[in-house]
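Before any comments, here is the structure.
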Amino acid sequence: TGCVSSKVNFRTKHDKNTNVRVSLPAVCFVWEIAMVVLFGIFVRYNEEADAHWGEYKKTHNITTDMENDFYYRYPSFQDVHVMIFVGFGFLMTFLKRYSFGAVGFTFLIAAFGLQWALLMQGWFHSLDYSTGKILIGIENLINADFCCGGVLIAFGALLGKVSPVQMMVVSLFGVTLYAVEEYIILNLLHCRDAGGSMVIHTFGGYYGLAISWILYRPNLNKSKHLNGSVYHSDLFAMIGTLFLWLFWPSFNSAIANHGDGQHRAAINTYISLAASVVTAVAISSMTEKRGRLDMVHIQNATLAGGVAMGASAEFMISPYGSLIVGFFCGIISTFGFKFVSPFLEKHLKLQDTCGIHNLHAVPGMLGGFISAIVAAMASESVYSKEGLIATLGLEGNYANRGAGTQGGYQAAGTCVAMVFGIVGGAIVGLILKLPIWGDPADDNCFDDEVYWEVPEDEESIPPVLEYNNHMAHKCDSNYNLEQL
Amino acid sequence: TGCVSSKVNFRTKHDKNTNVRVSLPAVCFVWEIAMVVLFGIFVRYNEEADAHWGEYKKTHNITTDMENDFYYRYPSFQDVHVMIFVGFGFLMTFLKRYSFGAVGFTFLIAAFGLQWALLMQGWFHSLDYSTGKILIGIENLINADFCCGGVLIAFGALLGKVSPVQMMVVSLFGVTLYAVEEYIILNLLHCRDAGGSMVIHTFGGYYGLAISWILYRPNLNKSKHLNGSVYHSDLFAMIGTLFLWLFWPSFNSAIANHGDGQHRAAINTYISLAASVVTAVAISSMTEKRGRLDMVHIQNATLAGGVAMGASAEFMISPYGSLIVGFFCGIISTFGFKFVSPFLEKHLKLQDTCGIHNLHAVPGMLGGFISAIVAAMASESVYSKEGLIATLGLEGNYANRGAGTQGGYQAAGTCVAMVFGIVGGAIVGLILKLPIWGDPADDNCFDDEVYWEVPEDEESIPPVLEYNNHMAHKCDSNYNLEQL
Amino acid sequence: TGCVSSKVNFRTKHDKNTNVRVSLPAVCFVWEIAMVVLFGIFVRYNEEADAHWGEYKKTHNITTDMENDFYYRYPSFQDVHVMIFVGFGFLMTFLKRYSFGAVGFTFLIAAFGLQWALLMQGWFHSLDYSTGKILIGIENLINADFCCGGVLIAFGALLGKVSPVQMMVVSLFGVTLYAVEEYIILNLLHCRDAGGSMVIHTFGGYYGLAISWILYRPNLNKSKHLNGSVYHSDLFAMIGTLFLWLFWPSFNSAIANHGDGQHRAAINTYISLAASVVTAVAISSMTEKRGRLDMVHIQNATLAGGVAMGASAEFMISPYGSLIVGFFCGIISTFGFKFVSPFLEKHLKLQDTCGIHNLHAVPGMLGGFISAIVAAMASESVYSKEGLIATLGLEGNYANRGAGTQGGYQAAGTCVAMVFGIVGGAIVGLILKLPIWGDPADDNCFDDEVYWEVPEDEESIPPVLEYNNHMAHKCDSNYNLEQL
């Protein structure tokens, strides 16, 4: 029984250097110091978060603190916050040996990304031109979280194949691109996209797919044995799925108009998501042997209704409209996981670990086009005059834009998001091909051991030795390995 | 060591056909299409979620969007939403090999159930008679979630022993029965039941028990080796327990009266739950060897205080009253798990996987009767005149009903819930006995492999000793330990 | 293959009696009955939760239920509630075989502690002198949860080394001490400490460290094999980390002033926490081989920014000020875990299971002193006159206290919290040394089997072949099953 006492070392040499001991701390420190400097120069509280709020209330005839936007949006903000960190983080823990990376790098990416997003989005949307300061409040925090959502979608395509340093680069460029496309779509084209079907899901999806396409790994099947789940990793992933699914009504209503806008956005999303669960289950069962359900579909395609409802959440799409959107997106997304992803991998050399093509890129794009149709069909009789103006934002410079025209712009905005995602992702992908980022070799993917101190007993020393290490003191003569 | 390299296949023939590849998709599609049609005919937004809200505000002299019911109830709604899907779903993951089914079928049942509940409850409670439309808002979403809670309680008794198709049937009838008994109890009898001790827990508990009693499996002990937990499945279950426990104050206050009603309901529930944790721990320790705690008690009996406080949550039961309710229900529930459930299984042929008898049926019924006593004792000196009317709902047709009479009706409502649960459950149970639903054989229960694609590595090749303990009955000649 | 069929029993005799079958139920019942009596005598609803609220509104010219404090604070309360039970509970599940104890004892401690806290804090803060009653509302629930947070921090130092009965004692005294030091710091010294850097983290941290120091176990390394994590226990712990991290803005803003106070506290905390993630990752990577990240740092040091921001959260520290606080506290905390804790254990005989020294004691103390500096620098130009008074609380008896003086009191308050923690903890530690509490022997720590019924299959029989299945591809010649 020599095996019992001998030291075992399973770590073998791979042909790439994955040491990030210099690069990761360097990137973290340089970027964080830049944040401190830029926040010092630019970022201040807005009038609702500033101690001058008492004076502001008086000068603006506000009689109660309850009118502070904080109380309209904070509960939704917290739900969004959970979605970004717990939802995305745990959804990606499904891989058997990359759960630390899933949840840990999500944490890092989003924590850095939201700081950079506060700045980038602040310059575009919250700049006080008289002082040159960015004035932030609760809505900025929500938007920063949204922006990180876009980057984390991209992470889904790259999961297990990139280094944390590369993901910091993906975040830096991703947030930057996001802020620009968001400005073009929401401000220049004046699209409505409360839940981000275009700016978050379409952009984030195609951004990640383009990067992954550039970083194609022909020999990735060498890591195939780790590219799958185990029983409990699938359960951890369901924590992510459920918190995403449950809080999606908050996601789509978080920055909607006060009152009926937030109310309607929550209802529409709630209904759409319910439908996509039922149809995703139906298709999953229909396409597997003996009608068995596939966890990949349940973890992902059930969410497609929320993605697709993003741009239309505020609209008077009506409850049955929401139901129809969820109905078809649940089907389309499940088919995507079952048939499209394998096709893309085989014929387009597109490796998409989490299947973001089926959950974000396609449903997001569909959501954009659905919003175009719904906006174009909007009428005063359904919305009321005031309601139509408020919901489609046809005020000020856009007062003369009709519903039909608005529909056209919604479609255009969706295309802008796609173009930004694909072109931006291709460029970032090329940057990531530089051999300086510490990414793993093809036979070393999907493995936490590369970037994490993994507890010894389950990984490098197999259970038989674990017995020896941990139980020796407890062992009694009834149990004797020699007898084997 | 032939066993090591040989393929092992533990899937053996069982005497029932569990193929749901036709039935499950068929049921999902037929019912979902029915939802689309019915939603199209009936469901619209109510005045607070409709784009006409701006006009409505003006005509009703509402000065701020904050008065939209959305802001009163949305945070509670989200907590309830988490309880239904994460709370119930994860609470039932405690079984070692049925966690996919627990969390996945909960997802399916509730996602379908809430759609049907929006319709059924809408017809009874939210029908605009002038247009024939159901007008929905945030309170409808909460009530739909509540209704699914009732069905999921019933699932607890059936866990591991039914097919997903059967659960869809249980949901369809359960939601229907729920809507009717709720209408009788809340509208005809005019009971107060903010947190659903009667309409949710008593009904759901007895509904599930009656179904399970009809579906009695005499040879269920053939699946005994899977009817238990492993270390990490117990931890997953604690996620469910804690989210249920934490958000229960939101559950009981979600549809309570604005202002002091919601405030008091949250406080009462918070206090009652705290007490039941302490007494459940005490009884658990007292009844086990060496004072060791039993996870079953901690996962379940700690919640009894929330169940029992449901119907009285809004009342002026006073903080010590809440404490007393939690105190005794923690004890009763723990005793139930320890002694009553084994008794029921042995002598009444009642197989109750999660012990819903002890967590829902009995504490729910007690909660109903407690509310009768508390209502009967209500007085103007304690409530104020206005407060008594608002809290007991003694307005309009009920203005002449005294507190004592109201107490009688509370007791009657509890009985109605029991009768609906038992009779309805018996009928549904008989329907489920038809041999067309794909339910598992007695030796095939509590096993995710029946309805799920389970990751290969942990399932089909057993750890050798575990094999010996648990799988002996499944062993085939390909696998032979002697070969070692 | 005798091992296969023979019964294996690893439970051996240890030299301490850990039977708590009498003591645990006794303590639970005696204390819970005391709660019922004391609640009966003292605790009532406050005017916002009482059925007289309708009358109160009229007499106080309140026009809407939305002005009920419930709606200002309930969403934050629920987030805090999740932090205490899920956050703390799951953060401590990282140990491989003490996860039941972590989450279960947290549940018990906090559920009991919050009842006693409602009383203790009520006598100091919510006593109606005219009636001698404690009048409670939503803010009391938040403060009771905060108080339990302090006790649970102390539990972090003791994790795995004490019995549940001892933890009940730690809670009873901890809550008592907490209420007194809180009264001294907030009322007598009139410090500002919205997020509890002083009263919660500094007190709780030093309280736990002092107890642990008194209970020093010279032979704790006999349990060393269980004082570590496994892969999935680290993932469970990340659930705790993330919910703490995500909801910390609610923690620090929960009892802040309505309006800009809550708004600003949330923003400051959000920003500070983001910075500490990035710097904790940087230091973790820098100090480990090949730049690998250590889960201990990610699970803990990422939270330091929230702790340190507690006392200054309401202040106009400005977004870049928050960023700087998080920046340095992430570094300091990670260094603490890496270098200070091992030093303390070796040279000061301080065994600190969860490293609360680095996450709570030191960052809490720093947070107190940071608040002293920020308060001292406060000026009317930054805060406005009204804002300065509201934020620093310079009203009534304190109207003449200047910002500089307030800064001095903030520093003094921090020292009071330390003294209470150290002295109180030392005394409680001596009480816990009595040989009557059923604590485990040195070779029996960190093991759930002592106080829990643990499912059999994973514990007492090691999976011998699982190694063979999963690791075969990694196997090198050192390990050869043939040798068996």
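We label chains A, B, ... in the order they appear in the structure tokens, count residues from 1 in each chain, and number ligands from 1 in the order shown.
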Based on only C-alpha atoms, which of the residues in chain A come within 7 Å of chain B? I want them as an mmCIF file with N, CA, C and O atoms, in the first residue's frame.
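To be explicit, this is the file written out as selection_9.cif:
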data_model
loop_
_atom_site.group_PDB
_atom_site.id
_atom_site.type_symbol
_atom_site.label_atom_id
_atom_site.label_comp_id
_atom_site.auth_asym_id
_atom_site.auth_seq_id
_atom_site.Cartn_x
_atom_site.Cartn_y
_atom_site.Cartn_z
ATOM 1 N N PRO A 75 -34.841 49.742 -3.494
ATOM 2 C CA PRO A 75 -35.138 48.294 -3.474
ATOM 3 C C PRO A 75 -34.802 47.615 -4.805
ATOM 4 O O PRO A 75 -34.250 46.517 -4.829
ATOM 5 N N SER A 229 -20.390 19.581 -15.672
ATOM 6 C CA SER A 229 -20.814 19.841 -14.302
ATOM 7 C C SER A 229 -20.726 18.587 -13.447
ATOM 8 O O SER A 229 -20.534 17.484 -13.945
ATOM 9 N N VAL A 230 -20.821 18.766 -12.159
ATOM 10 C CA VAL A 230 -21.126 17.665 -11.257
ATOM 11 C C VAL A 230 -22.437 18.011 -10.559
ATOM 12 O O VAL A 230 -22.947 19.117 -10.696
ATOM 13 N N TYR A 231 -22.944 17.065 -9.813
ATOM 14 C CA TYR A 231 -24.289 17.225 -9.252
ATOM 15 C C TYR A 231 -24.430 18.525 -8.448
ATOM 16 O O TYR A 231 -25.330 19.325 -8.707
ATOM 17 N N LEU A 242 -31.950 31.237 -10.222
ATOM 18 C CA LEU A 242 -33.162 31.678 -9.545
ATOM 19 C C LEU A 242 -33.088 33.142 -9.151
ATOM 20 O O LEU A 242 -34.062 33.876 -9.315
ATOM 21 N N LEU A 246 -35.759 35.688 -10.446
ATOM 22 C CA LEU A 246 -36.654 36.334 -9.487
ATOM 23 C C LEU A 246 -36.542 37.849 -9.513
ATOM 24 O O LEU A 246 -37.531 38.552 -9.365
ATOM 25 N N HIS A 258 -41.020 56.682 -12.870
ATOM 26 C CA HIS A 258 -41.743 56.547 -11.608
ATOM 27 C C HIS A 258 -43.210 56.229 -11.874
ATOM 28 O O HIS A 258 -43.781 56.659 -12.868
ATOM 29 N N GLY A 259 -43.819 55.513 -10.949
ATOM 30 C CA GLY A 259 -45.258 55.256 -11.038
ATOM 31 C C GLY A 259 -45.588 54.104 -11.954
ATOM 32 O O GLY A 259 -45.045 53.009 -11.812
ATOM 33 N N ASP A 260 -46.473 54.356 -12.922
ATOM 34 C CA ASP A 260 -46.924 53.267 -13.777
ATOM 35 C C ASP A 260 -45.782 52.646 -14.577
ATOM 36 O O ASP A 260 -45.843 51.463 -14.922
ATOM 37 N N HIS A 263 -44.122 50.101 -12.387
ATOM 38 C CA HIS A 263 -45.150 49.096 -12.077
ATOM 39 C C HIS A 263 -45.364 48.158 -13.272
ATOM 40 O O HIS A 263 -45.343 46.930 -13.143
ATOM 41 N N ARG A 264 -45.539 48.741 -14.444
ATOM 42 C CA ARG A 264 -45.831 47.949 -15.637
ATOM 43 C C ARG A 264 -44.628 47.115 -16.067
ATOM 44 O O ARG A 264 -44.756 45.954 -16.481
ATOM 45 N N ALA A 274 -42.327 33.822 -16.601
ATOM 46 C CA ALA A 274 -43.100 32.627 -16.245
ATOM 47 C C ALA A 274 -43.353 31.776 -17.481
ATOM 48 O O ALA A 274 -43.231 30.542 -17.440
ATOM 49 N N VAL A 277 -40.245 29.727 -18.697
ATOM 50 C CA VAL A 277 -39.942 28.518 -17.927
ATOM 51 C C VAL A 277 -40.714 27.331 -18.500
ATOM 52 O O VAL A 277 -40.143 26.257 -18.748
ATOM 53 N N VAL A 278 -41.996 27.530 -18.728
ATOM 54 C CA VAL A 278 -42.834 26.415 -19.166
ATOM 55 C C VAL A 278 -42.404 25.918 -20.552
ATOM 56 O O VAL A 278 -42.286 24.703 -20.775
ATOM 57 N N THR A 279 -42.132 26.837 -21.476
ATOM 58 C CA THR A 279 -41.753 26.366 -22.815
ATOM 59 C C THR A 279 -40.329 25.821 -22.838
ATOM 60 O O THR A 279 -40.035 24.899 -23.600
ATOM 61 N N ALA A 282 -40.670 22.346 -21.757
ATOM 62 C CA ALA A 282 -41.289 21.525 -22.803
ATOM 63 C C ALA A 282 -40.272 21.113 -23.863
ATOM 64 O O ALA A 282 -40.165 19.941 -24.229
ATOM 65 N N ILE A 283 -39.497 22.075 -24.352
ATOM 66 C CA ILE A 283 -38.526 21.764 -25.411
ATOM 67 C C ILE A 283 -37.394 20.894 -24.863
ATOM 68 O O ILE A 283 -36.929 19.965 -25.533
ATOM 69 N N SER A 285 -37.506 18.696 -22.496
ATOM 70 C CA SER A 285 -38.013 17.328 -22.346
ATOM 71 C C SER A 285 -38.199 16.651 -23.700
ATOM 72 O O SER A 285 -37.879 15.473 -23.877
ATOM 73 N N MET A 286 -38.678 17.426 -24.653
ATOM 74 C CA MET A 286 -38.969 16.881 -25.981
ATOM 75 C C MET A 286 -37.715 16.426 -26.725
ATOM 76 O O MET A 286 -37.765 15.516 -27.555
ATOM 77 N N ARG A 290 -36.125 9.803 -23.271
ATOM 78 C CA ARG A 290 -37.108 9.503 -22.241
ATOM 79 C C ARG A 290 -37.696 10.760 -21.604
ATOM 80 O O ARG A 290 -38.255 10.709 -20.515
ATOM 81 N N GLY A 291 -37.574 11.908 -22.281
ATOM 82 C CA GLY A 291 -38.157 13.135 -21.762
ATOM 83 C C GLY A 291 -37.417 13.730 -20.591
ATOM 84 O O GLY A 291 -37.943 14.584 -19.883
ATOM 85 N N ARG A 292 -36.184 13.275 -20.363
ATOM 86 C CA ARG A 292 -35.413 13.804 -19.244
ATOM 87 C C ARG A 292 -35.051 15.270 -19.487
ATOM 88 O O ARG A 292 -34.694 15.653 -20.596
ATOM 89 N N LEU A 293 -35.087 16.054 -18.429
ATOM 90 C CA LEU A 293 -34.750 17.471 -18.527
ATOM 91 C C LEU A 293 -33.243 17.664 -18.429
ATOM 92 O O LEU A 293 -32.557 16.931 -17.707
ATOM 93 N N ASP A 294 -32.757 18.683 -19.134
ATOM 94 C CA ASP A 294 -31.332 18.990 -19.129
ATOM 95 C C ASP A 294 -31.113 20.252 -18.298
ATOM 96 O O ASP A 294 -31.704 21.295 -18.571
ATOM 97 N N SER A 318 -49.042 44.812 -23.043
ATOM 98 C CA SER A 318 -50.160 44.078 -22.436
ATOM 99 C C SER A 318 -49.701 42.717 -21.923
ATOM 100 O O SER A 318 -48.757 42.137 -22.443
ATOM 101 N N PRO A 319 -50.379 42.222 -20.889
ATOM 102 C CA PRO A 319 -49.943 40.974 -20.277
ATOM 103 C C PRO A 319 -49.848 39.811 -21.268
ATOM 104 O O PRO A 319 -48.899 39.026 -21.210
ATOM 105 N N TYR A 320 -50.796 39.697 -22.189
ATOM 106 C CA TYR A 320 -50.685 38.554 -23.112
ATOM 107 C C TYR A 320 -49.549 38.764 -24.106
ATOM 108 O O TYR A 320 -48.948 37.799 -24.572
ATOM 109 N N LEU A 323 -46.635 37.459 -22.364
ATOM 110 C CA LEU A 323 -46.712 36.000 -22.334
ATOM 111 C C LEU A 323 -46.219 35.414 -23.665
ATOM 112 O O LEU A 323 -45.482 34.414 -23.684
ATOM 113 N N ILE A 324 -46.597 36.039 -24.741
ATOM 114 C CA ILE A 324 -46.181 35.548 -26.062
ATOM 115 C C ILE A 324 -44.663 35.689 -26.238
ATOM 116 O O ILE A 324 -44.001 34.783 -26.747
ATOM 117 N N TYR A 383 -52.349 54.539 -24.724
ATOM 118 C CA TYR A 383 -51.440 55.099 -23.731
ATOM 119 C C TYR A 383 -51.999 56.346 -23.033
ATOM 120 O O TYR A 383 -51.498 56.734 -22.000
ATOM 121 N N SER A 384 -52.977 56.997 -23.606
ATOM 122 C CA SER A 384 -53.370 58.368 -23.266
ATOM 123 C C SER A 384 -52.286 59.280 -23.833
ATOM 124 O O SER A 384 -51.154 58.860 -24.050
ATOM 125 N N GLU A 386 -50.718 61.907 -22.527
ATOM 126 C CA GLU A 386 -49.622 62.108 -21.580
ATOM 127 C C GLU A 386 -48.787 60.839 -21.430
ATOM 128 O O GLU A 386 -47.550 60.877 -21.369
ATOM 129 N N GLY A 387 -49.465 59.709 -21.366
ATOM 130 C CA GLY A 387 -48.780 58.433 -21.198
ATOM 131 C C GLY A 387 -47.888 58.097 -22.377
ATOM 132 O O GLY A 387 -46.791 57.550 -22.212
ATOM 133 N N LEU A 484 -7.878 -4.844 1.281
ATOM 134 C CA LEU A 484 -8.186 -4.713 -0.147
ATOM 135 C C LEU A 484 -7.178 -5.507 -0.965
ATOM 136 O O LEU A 484 -7.331 -5.693 -2.127
#
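Least-squares fitting of chain C to chain A, using every C-alpha atom paired in order, leaves a residual RMSD of 3.8 Å.
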When you count only C-alpha atoms, which of these residues is closest to Ile298 of chain A: A:Ile373, A:Met418, A:Ala403, A:Ile331?
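Comparing A:Ile373, A:Met418, A:Ala403, A:Ile331 against Ile298 of chain A, the winner is A:Ile331.
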Could you find all residues in segment 193-436 of chain C that DSSP calls helix (DSSP H, G or I) from the backbone, and write them as a PyMOL selection string?
chain C and resi 197-214+220-226+231-253+260-286+289-291+295-308+319-347+356-376+380-383+385-392+396-398+403-432
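Picture a line from atom CA of Leu244 of chain C to atom CA of Leu344 of chain C; it runs 26.0 Å.
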Would you pick out the contacts of Leu95 of chain A at 9 Å or less, using only C-alpha atoms, so that residues sharing its chain but fewer than 6 positions from it are not included, and give the list as JSON, numbers by chain?
{"A": [102, 160, 226, 227, 228, 229, 230, 233, 234, 237, 446]}
Leaving out Asp442 of chain A and any residue of its chain fewer than 3 positions from it, which residues lie within 8 Å of it when counting only C-alpha atoms, given as a ChimeraX atom specification?
/A:217,219-223,445
Residues near Leu392 of chain A, cut-off 12 Å, only C-alpha atoms, skip fewer than 2 positions along chain, as an MDAnalysis selection string:
(chainID A and resid 186 190:194 256:257 261 311:316 371:372 374:380 383:390 394:395 398:407 409:410) or (chainID B and resid 51)
Save out the residues we just selected, C-alpha atoms, as a PDB file, in the first residue's frame.
ATOM      1  CA  LEU A 186     -30.213  56.261 -25.592  1.00  0.00           C
ATOM      2  CA  HIS A 190     -33.245  58.421 -28.267  1.00  0.00           C
ATOM      3  CA  CYS A 191     -34.244  54.782 -27.978  1.00  0.00           C
ATOM      4  CA  ARG A 192     -36.169  53.392 -25.012  1.00  0.00           C
ATOM      5  CA  ASP A 193     -34.398  50.452 -23.417  1.00  0.00           C
ATOM      6  CA  ALA A 194     -35.295  50.304 -19.724  1.00  0.00           C
ATOM      7  CA  ALA A 256     -38.177  52.981 -15.655  1.00  0.00           C
ATOM      8  CA  ASN A 257     -40.373  56.015 -15.099  1.00  0.00           C
ATOM      9  CA  GLY A 261     -43.635  52.858 -15.658  1.00  0.00           C
ATOM     10  CA  ALA A 311     -36.570  47.002 -24.223  1.00  0.00           C
ATOM     11  CA  SER A 312     -40.362  46.712 -24.150  1.00  0.00           C
ATOM     12  CA  ALA A 313     -40.829  46.400 -20.407  1.00  0.00           C
ATOM     13  CA  GLU A 314     -42.227  49.895 -19.988  1.00  0.00           C
ATOM     14  CA  PHE A 315     -44.467  49.684 -23.028  1.00  0.00           C
ATOM     15  CA  MET A 316     -48.174  48.830 -23.073  1.00  0.00           C
ATOM     16  CA  SER A 371     -39.578  46.855 -28.934  1.00  0.00           C
ATOM     17  CA  ALA A 372     -39.469  48.384 -32.400  1.00  0.00           C
ATOM     18  CA  VAL A 374     -44.422  47.563 -30.003  1.00  0.00           C
ATOM     19  CA  ALA A 375     -43.267  51.179 -30.138  1.00  0.00           C
ATOM     20  CA  ALA A 376     -44.451  51.564 -33.714  1.00  0.00           C
ATOM     21  CA  MET A 377     -47.898  50.290 -32.729  1.00  0.00           C
ATOM     22  CA  ALA A 378     -48.237  52.685 -29.791  1.00  0.00           C
ATOM     23  CA  SER A 379     -51.248  54.989 -29.927  1.00  0.00           C
ATOM     24  CA  GLU A 380     -52.842  57.679 -27.817  1.00  0.00           C
ATOM     25  CA  TYR A 383     -51.440  55.099 -23.731  1.00  0.00           C
ATOM     26  CA  SER A 384     -53.370  58.368 -23.266  1.00  0.00           C
ATOM     27  CA  LYS A 385     -51.680  61.440 -24.665  1.00  0.00           C
ATOM     28  CA  GLU A 386     -49.622  62.108 -21.580  1.00  0.00           C
ATOM     29  CA  GLY A 387     -48.780  58.433 -21.198  1.00  0.00           C
ATOM     30  CA  LEU A 388     -47.546  58.143 -24.756  1.00  0.00           C
ATOM     31  CA  ILE A 389     -45.220  61.105 -24.333  1.00  0.00           C
ATOM     32  CA  ALA A 390     -43.885  59.816 -21.035  1.00  0.00           C
ATOM     33  CA  LEU A 394     -41.388  62.036 -27.060  1.00  0.00           C
ATOM     34  CA  GLU A 395     -40.622  65.309 -25.358  1.00  0.00           C
ATOM     35  CA  TYR A 398     -38.357  64.594 -29.899  1.00  0.00           C
ATOM     36  CA  ALA A 399     -41.854  65.995 -29.455  1.00  0.00           C
ATOM     37  CA  ASN A 400     -42.539  65.681 -33.158  1.00  0.00           C
ATOM     38  CA  ARG A 401     -41.285  62.128 -33.517  1.00  0.00           C
ATOM     39  CA  GLY A 402     -44.192  59.759 -34.107  1.00  0.00           C
ATOM     40  CA  ALA A 403     -44.580  56.285 -32.706  1.00  0.00           C
ATOM     41  CA  GLY A 404     -43.738  54.728 -36.074  1.00  0.00           C
ATOM     42  CA  THR A 405     -40.503  56.676 -36.326  1.00  0.00           C
ATOM     43  CA  GLN A 406     -39.645  55.732 -32.771  1.00  0.00           C
ATOM     44  CA  GLY A 407     -40.064  52.097 -33.802  1.00  0.00           C
ATOM     45  CA  TYR A 409     -35.053  54.083 -34.135  1.00  0.00           C
ATOM     46  CA  GLN A 410     -35.555  51.149 -31.749  1.00  0.00           C
TER      47      GLN A 410
ATOM     48  CA  ALA B  51     -50.178  54.364 -18.959  1.00  0.00           C
TER      49      ALA B  51
END
